[in-house]
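With PDB, C-alpha atoms inside, this is query_37.pdb:
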```
MODEL        1
ATOM      1  CA  MET A   1       5.051  10.770  13.260
ATOM      2  CA  ILE A   2       3.902   9.372   9.921
ATOM      3  CA  ASN A   3       5.447   9.857   6.492
ATOM      4  CA  VAL A   4       2.986   9.446   3.617
ATOM      5  CA  ILE A   5       3.923   8.317   0.100
ATOM      6  CA  LEU A   6       1.553   8.908  -2.811
ATOM      7  CA  THR A   7       2.133   7.503  -6.295
ATOM      8  CA  VAL A   8       1.723   8.982  -9.783
ATOM      9  CA  TRP A   9       2.050   7.180 -13.098
ATOM     10  CA  LYS A  10      -0.789   7.551 -15.625
ATOM     11  CA  ARG A  11      -3.770   8.206 -13.378
ATOM     12  CA  ASP A  12      -4.637  11.805 -12.596
ATOM     13  CA  ASN A  13      -5.957  11.417  -9.052
ATOM     14  CA  LEU A  14      -3.218  13.195  -7.133
ATOM     15  CA  GLU A  15      -5.116  16.326  -6.153
ATOM     16  CA  GLU A  16      -8.003  14.321  -4.732
ATOM     17  CA  GLN A  17      -5.502  12.222  -2.791
ATOM     18  CA  LEU A  18      -3.690  15.298  -1.473
ATOM     19  CA  GLU A  19      -7.014  16.729  -0.337
ATOM     20  CA  ALA A  20      -7.815  13.488   1.489
ATOM     21  CA  ILE A  21      -4.388  13.465   3.142
ATOM     22  CA  SER A  22      -4.740  17.113   4.199
ATOM     23  CA  LYS A  23      -7.910  16.162   6.125
ATOM     24  CA  GLN A  24      -6.341  13.270   8.045
ATOM     25  CA  THR A  25      -6.640  13.534  11.823
ATOM     26  CA  ALA A  26      -3.339  11.719  12.414
ATOM     27  CA  ASN A  27      -0.069  13.584  12.881
ATOM     28  CA  ILE A  28       1.692  13.550   9.483
ATOM     29  CA  SER A  29       5.336  14.540   9.223
ATOM     30  CA  ASP A  30       5.949  14.721   5.451
ATOM     31  CA  VAL A  31       4.103  13.847   2.264
ATOM     32  CA  TYR A  32       6.105  12.430  -0.638
ATOM     33  CA  VAL A  33       4.818  12.119  -4.198
ATOM     34  CA  TYR A  34       6.656   9.349  -6.024
ATOM     35  CA  GLN A  35       6.208   9.821  -9.772
ATOM     36  CA  ASN A  36       7.160   7.281 -12.426
ATOM     37  CA  GLU A  37       7.896   8.952 -15.793
ATOM     38  CA  SER A  38       6.008  12.088 -16.878
ATOM     39  CA  HIS A  39       2.577  11.036 -18.109
ATOM     40  CA  VAL A  40       0.756  13.426 -15.737
ATOM     41  CA  ASP A  41       1.630  17.077 -15.152
ATOM     42  CA  ILE A  42       1.492  17.824 -11.420
ATOM     43  CA  SER A  43       3.446  21.101 -11.493
ATOM     44  CA  HIS A  44       0.342  23.170 -10.746
ATOM     45  CA  LEU A  45      -0.131  21.307  -7.458
ATOM     46  CA  LYS A  46       3.265  22.191  -6.008
ATOM     47  CA  SER A  47       2.210  25.710  -5.044
ATOM     48  CA  LYS A  48      -1.122  24.539  -3.655
ATOM     49  CA  TYR A  49       0.001  21.608  -1.487
ATOM     50  CA  ASN A  50       3.034  20.917   0.638
ATOM     51  CA  PHE A  51       4.766  17.764  -0.593
ATOM     52  CA  LYS A  52       8.186  16.503  -1.610
ATOM     53  CA  HIS A  53       8.360  15.421  -5.257
ATOM     54  CA  VAL A  54      10.476  12.362  -6.110
ATOM     55  CA  HIS A  55      10.415  12.119  -9.911
ATOM     56  CA  SER A  56      11.882   9.296 -11.986
ATOM     57  CA  LYS A  57      11.631  11.093 -15.334
ATOM     58  CA  ASP A  58      13.241   8.555 -17.658
ATOM     59  CA  MET A  59      12.511   5.257 -15.949
ATOM     60  CA  ASN A  60       9.476   3.508 -14.541
ATOM     61  CA  PHE A  61      10.442   1.786 -11.305
ATOM     62  CA  LYS A  62       6.960   0.281 -11.316
ATOM     63  CA  PHE A  63       5.350  -1.000  -8.142
ATOM     64  CA  HIS A  64       8.444  -1.365  -5.987
ATOM     65  CA  GLY A  65      10.244   1.966  -6.368
ATOM     66  CA  ARG A  66       8.103   3.790  -3.817
ATOM     67  CA  PHE A  67       8.966   1.098  -1.253
ATOM     68  CA  THR A  68      12.623   2.140  -1.354
ATOM     69  CA  LEU A  69      11.959   5.604   0.096
ATOM     70  CA  PRO A  70      11.263   4.377   3.657
ATOM     71  CA  LEU A  71      14.823   3.022   3.769
ATOM     72  CA  LEU A  72      15.836   6.682   4.159
ATOM     73  CA  PHE A  73      13.042   7.768   6.514
ATOM     74  CA  THR A  74      13.394   8.554  10.208
ATOM     75  CA  SER A  75       9.648   8.674  10.874
ATOM     76  CA  GLU A  76       8.255   6.013  13.190
ATOM     77  CA  TYR A  77       5.554   5.022  10.695
ATOM     78  CA  THR A  78       5.083   5.043   6.931
ATOM     79  CA  ALA A  79       1.890   4.905   4.866
ATOM     80  CA  ILE A  80       2.113   4.134   1.139
ATOM     81  CA  PHE A  81      -0.947   4.665  -1.069
ATOM     82  CA  ASP A  82      -1.805   3.294  -4.492
ATOM     83  CA  ASP A  83      -2.795   5.936  -7.042
ATOM     84  CA  ASP A  84      -6.464   4.888  -6.955
ATOM     85  CA  THR A  85      -6.917   5.047  -3.179
ATOM     86  CA  ILE A  86      -8.862   7.811  -1.423
ATOM     87  CA  SER A  87      -9.195   7.373   2.336
ATOM     88  CA  GLY A  88     -11.570   8.690   4.956
ATOM     89  CA  PRO A  89     -10.228  11.410   7.290
ATOM     90  CA  ARG A  90      -9.672   9.072  10.257
ATOM     91  CA  TRP A  91      -8.029   6.302   8.253
ATOM     92  CA  LEU A  92      -4.424   6.934   9.330
ATOM     93  CA  GLU A  93      -5.502   7.468  12.933
ATOM     94  CA  HIS A  94      -7.314   4.135  12.715
ATOM     95  CA  CYS A  95      -4.229   2.452  11.215
ATOM     96  CA  LEU A  96      -2.047   3.793  14.005
ATOM     97  CA  GLU A  97      -4.378   2.437  16.684
ATOM     98  CA  VAL A  98      -4.587  -1.010  15.084
ATOM     99  CA  SER A  99      -0.851  -1.236  14.373
ATOM    100  CA  LYS A 100       0.030  -0.326  17.952
ATOM    101  CA  LYS A 101      -2.532  -2.758  19.359
ATOM    102  CA  ARG A 102      -1.578  -5.715  17.178
ATOM    103  CA  ASN A 103       2.023  -4.874  16.149
ATOM    104  CA  CYS A 104       1.066  -5.378  12.504
ATOM    105  CA  ILE A 105       1.030  -4.028   8.966
ATOM    106  CA  VAL A 106      -2.369  -2.470   8.236
ATOM    107  CA  GLY A 107      -3.985  -2.209   4.802
ATOM    108  CA  ALA A 108      -7.031  -0.803   3.058
ATOM    109  CA  ASN A 109      -8.035  -4.238   1.820
ATOM    110  CA  GLY A 110      -7.003  -7.757   2.743
ATOM    111  CA  ARG A 111      -6.606 -11.149   1.135
ATOM    112  CA  ASN A 112      -6.201 -14.692   2.380
ATOM    113  CA  TYR A 113      -4.755 -17.499   0.298
ATOM    114  CA  THR A 114      -6.533 -20.810  -0.003
ATOM    115  CA  SER A 115      -4.692 -24.130   0.087
ATOM    116  CA  LYS A 116      -4.390 -23.948  -3.712
ATOM    117  CA  GLY A 117      -2.804 -20.544  -3.700
ATOM    118  CA  ASN A 118      -5.825 -18.580  -4.883
ATOM    119  CA  CYS A 119      -6.862 -15.330  -3.246
ATOM    120  CA  ASP A 120     -10.127 -14.373  -1.588
ATOM    121  CA  CYS A 121     -10.636 -10.624  -1.232
ATOM    122  CA  CYS A 122     -12.057  -9.303   2.026
ATOM    123  CA  GLY A 123     -14.981  -6.866   1.956
ATOM    124  CA  SER A 124     -16.243  -4.428   4.578
ATOM    125  CA  ASN A 125     -15.981  -5.818   8.087
ATOM    126  CA  GLU A 126     -17.051  -5.125  11.638
ATOM    127  CA  ASP A 127     -13.835  -6.305  13.301
ATOM    128  CA  ASP A 128     -10.089  -6.426  12.634
ATOM    129  CA  TRP A 129      -9.244  -9.380  10.381
ATOM    130  CA  GLN A 130      -5.833 -11.009  10.280
ATOM    131  CA  VAL A 131      -4.968 -11.700   6.640
ATOM    132  CA  ASP A 132      -2.045 -12.925   4.535
ATOM    133  CA  ILE A 133      -1.533  -9.712   2.557
ATOM    134  CA  VAL A 134      -2.946  -6.197   2.504
ATOM    135  CA  GLY A 135      -3.164  -3.692  -0.326
ATOM    136  CA  HIS A 136      -4.189  -0.291  -1.710
ATOM    137  CA  CYS A 137      -2.555   1.308   1.328
ATOM    138  CA  TRP A 138       0.215  -0.119   3.492
ATOM    139  CA  PHE A 139       0.709   1.317   6.971
ATOM    140  CA  PHE A 140       3.674  -0.015   8.954
ATOM    141  CA  ARG A 141       6.520   0.780  11.302
ATOM    142  CA  THR A 142       9.179   2.283   9.060
ATOM    143  CA  GLU A 143      11.890  -0.022  10.375
ATOM    144  CA  TRP A 144       9.992  -3.034   8.982
ATOM    145  CA  ILE A 145      10.810  -1.992   5.404
ATOM    146  CA  HIS A 146      14.202  -3.653   5.878
ATOM    147  CA  TYR A 147      12.495  -7.050   5.863
ATOM    148  CA  MET A 148      11.184  -6.339   2.357
ATOM    149  CA  TRP A 149      14.659  -5.664   0.972
ATOM    150  CA  ARG A 150      16.490  -8.408   2.825
ATOM    151  CA  ASP A 151      16.209 -10.538  -0.355
ATOM    152  CA  PRO A 152      16.167  -9.304  -3.975
ATOM    153  CA  ALA A 153      12.699  -8.984  -5.474
ATOM    154  CA  VAL A 154      11.695 -12.005  -7.529
ATOM    155  CA  THR A 155      10.106  -9.668 -10.090
ATOM    156  CA  PHE A 156       9.291  -5.978 -10.370
ATOM    157  CA  GLU A 157       6.289  -6.640 -12.606
ATOM    158  CA  ASN A 158       3.903  -7.193  -9.701
ATOM    159  CA  GLY A 159       3.580  -8.409  -6.145
ATOM    160  CA  GLU A 160       4.962  -5.629  -3.980
ATOM    161  CA  ASP A 161       2.158  -6.422  -1.521
ATOM    162  CA  ILE A 162       3.240 -10.048  -1.313
ATOM    163  CA  GLN A 163       6.902  -9.147  -0.919
ATOM    164  CA  LEU A 164       6.210  -6.688   1.916
ATOM    165  CA  CYS A 165       3.771  -8.814   3.910
ATOM    166  CA  ALA A 166       5.410 -12.202   3.331
ATOM    167  CA  SER A 167       8.921 -10.965   4.152
ATOM    168  CA  ALA A 168       7.700  -9.207   7.302
ATOM    169  CA  LYS A 169       5.992 -12.411   8.409
ATOM    170  CA  VAL A 170       8.913 -14.723   7.552
ATOM    171  CA  TYR A 171      11.742 -12.571   8.904
ATOM    172  CA  GLY A 172      10.039 -10.513  11.595
ATOM    173  CA  GLY A 173       6.969 -12.450  12.701
ATOM    174  CA  ILE A 174       4.885  -9.413  11.724
ATOM    175  CA  ASP A 175       1.220 -10.078  10.901
ATOM    176  CA  SER A 176      -0.960  -8.168   8.457
ATOM    177  CA  TYR A 177      -4.429  -6.873   9.314
ATOM    178  CA  PHE A 178      -7.419  -5.563   7.433
ATOM    179  CA  PRO A 179      -8.907  -3.310  10.137
ATOM    180  CA  ARG A 180     -12.506  -2.749  11.091
ATOM    181  CA  GLN A 181     -14.247  -0.711   8.380
ATOM    182  CA  SER A 182     -17.897  -0.575   9.312
ATOM    183  CA  ARG A 183     -20.475   0.430   6.726
ATOM    184  CA  GLN A 184     -21.761   2.927   9.296
ATOM    185  CA  ASP A 185     -18.432   4.765   9.695
ATOM    186  CA  GLN A 186     -16.769   5.736   6.429
ATOM    187  CA  MET A 187     -14.507   8.142   8.318
ATOM    188  CA  VAL A 188     -12.185   5.195   9.029
ATOM    189  CA  TRP A 189     -12.351   3.593   5.584
ATOM    190  CA  GLY A 190      -9.063   3.098   3.784
ATOM    191  CA  ASP A 191     -10.456   3.094   0.265
ATOM    192  CA  LEU A 192     -13.617   5.049  -0.452
ATOM    193  CA  LYS A 193     -13.529   4.914  -4.261
ATOM    194  CA  GLN A 194     -12.022   1.581  -5.295
ATOM    195  CA  GLN A 195     -14.922   0.716  -7.574
ATOM    196  CA  GLN A 196     -14.713   4.101  -9.305
ATOM    197  CA  LEU A 197     -10.942   4.569  -9.613
ATOM    198  CA  GLY A 198      -9.411   1.106  -9.538
ATOM    199  CA  THR A 199     -11.058  -0.587 -12.510
ATOM    200  CA  ASP A 200      -9.762   1.454 -15.462
ATOM    201  CA  GLU A 201      -7.343   0.394 -18.211
ATOM    202  CA  HIS A 202      -4.376   0.968 -15.875
ATOM    203  CA  ALA A 203      -5.496  -1.667 -13.368
ATOM    204  CA  SER A 204      -2.678  -4.192 -12.964
ATOM    205  CA  TYR A 205      -5.040  -7.155 -12.664
ATOM    206  CA  LYS A 206      -6.146  -6.600 -16.278
ATOM    207  CA  ARG A 207      -2.658  -7.186 -17.682
ATOM    208  CA  GLY A 208      -1.598 -10.468 -19.181
ATOM    209  CA  GLY A 209       0.303 -12.767 -16.864
ATOM    210  CA  HIS A 210      -0.930 -11.072 -13.704
ATOM    211  CA  THR A 211      -2.337 -14.200 -12.059
ATOM    212  CA  GLU A 212       0.593 -16.372 -13.102
ATOM    213  CA  THR A 213       3.135 -13.892 -11.725
ATOM    214  CA  ARG A 214       1.401 -13.689  -8.372
ATOM    215  CA  GLN A 215       1.145 -17.469  -8.172
ATOM    216  CA  LYS A 216       4.925 -17.757  -8.634
ATOM    217  CA  LEU A 217       5.478 -15.171  -5.908
ATOM    218  CA  TYR A 218       3.153 -17.037  -3.570
ATOM    219  CA  GLU A 219       5.037 -20.298  -4.192
ATOM    220  CA  HIS A 220       8.405 -18.560  -3.732
ATOM    221  CA  TRP A 221       7.519 -17.233  -0.282
ATOM    222  CA  VAL A 222       5.854 -20.431   0.865
ATOM    223  CA  LYS A 223       9.129 -22.215   0.094
ATOM    224  CA  LYS A 224      10.910 -19.638   2.238
ATOM    225  CA  GLY A 225       8.672 -20.446   5.191
ATOM    226  CA  TRP A 226       5.619 -18.218   4.709
ATOM    227  CA  GLN A 227       2.705 -19.891   6.445
ATOM    228  CA  VAL A 228      -0.512 -18.516   4.989
ATOM    229  CA  ARG A 229      -3.875 -18.621   6.654
TER
ENDMDL
END
```

Could I get this structure in the form of structure tokens?
Amino acid sequence: MINVILTVWKRDNLEEQLEAISKQTANISDVYVYQNESHVDISHLKSKYNFKHVHSKDMNFKFHGRFTLPLLFTSEYTAIFDDDTISGPRWLEHCLEVSKKRNCIVGANGRNYTSKGNCDCCGSNEDDWQVDIVGHCWFFRTEWIHYMWRDPAVTFENGEDIQLCASAKVYGGIDSYFPRQSRQDQMVWGDLKQQQLGTDEHASYKRGGHTETRQKLYEHWVKKGWQVR
């Protein structure tokens, strides 16, 4: 069984995400909506869709808060989605197949670090690619979340993707994969609308200090034994 976590902060994409999740072919146990503060009213969706609402009304636990929920889950797998990520109907089924085959974290995009610590983003692909980190959606065995919280987070301003993937690799030997997402089969795509939904004023990469913060996180995990590709 799979527990799904969706995120709400200032973007109003939740209904489209809930629709996409309702069409998934994989067996979903529960859907959780993790909301930071109260910038978007989602009350009208509670009678239309079946989800559990976790609402931090007075505090913004930023990128990492949603990654604490799996510590309480009993589901075998967890999938966590960014608020700009709309997946094809066979995405979670595809993730499950790849994760079982390769014993890995699966994501809707993938990045490899160069020797200088810079990132190269992976595009569409015709085969499963092993990568250093994945993003936009993280699909993993729920028990692996304990690797992420074995050490305190270096910062909560960014880098939840690095913390999850690097800690799983360092402490559990768990790889990360960007799975096959052929141009001819959008049913298995993890992120159908990144160019439409992920480039607005709320995009984290547009904030000051973004690159510098991620560089420090990269260096931190390399010192702890993270061997990047």

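Shortest separation to Met1 (chain A) among A:Ser167, A:His64, A:Arg141, A:Ile86 occurs at residue A:Arg141, atoms counted being all atoms listed in the file.
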
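Each of A:Ala26, A:Val228, A:Val106, A:Leu18 was checked against Leu92 (chain A) using all atoms listed in the file; the smallest atom-to-atom distance is that of A:Ala26.
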
Taking (-2.3, 16.6, 2.1) in the file's coordinates, which residues come within 9 Å, counting all atoms listed in the file, written as JSON, numbers by chain?
-> {"A": [15, 17, 18, 19, 20, 21, 22, 23, 24, 28, 31, 49, 50, 51]}

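Distance annotation: of A:Lys52, A:Lys57, A:Lys10, A:Arg66, the residue with the minimal separation from Glu37 (chain A) is A:Lys57; atom set is only C-alpha atoms.
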
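CA of Ser176 (chain A) sits 17.9 Å away from CA of Arg214 (chain A).
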
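Across A:Ala166, A:Asn109, A:Glu97, A:Arg90, the tightest approach to Lys223 (chain A) is made by A:Ala166 when counting all atoms listed in the file.
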
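Candidate residues A:Phe140, A:Trp149, A:Trp189, A:Tyr171 were compared for distance to Ser75 (chain A), and the nearest is A:Phe140, using only C-alpha atoms.
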
Taking into account only C-alpha atoms, which residue in the set A:Gly159, A:Pro179, A:Gly135, A:Gly225 is nearest to Ala79 (chain A)?
-> A:Gly135
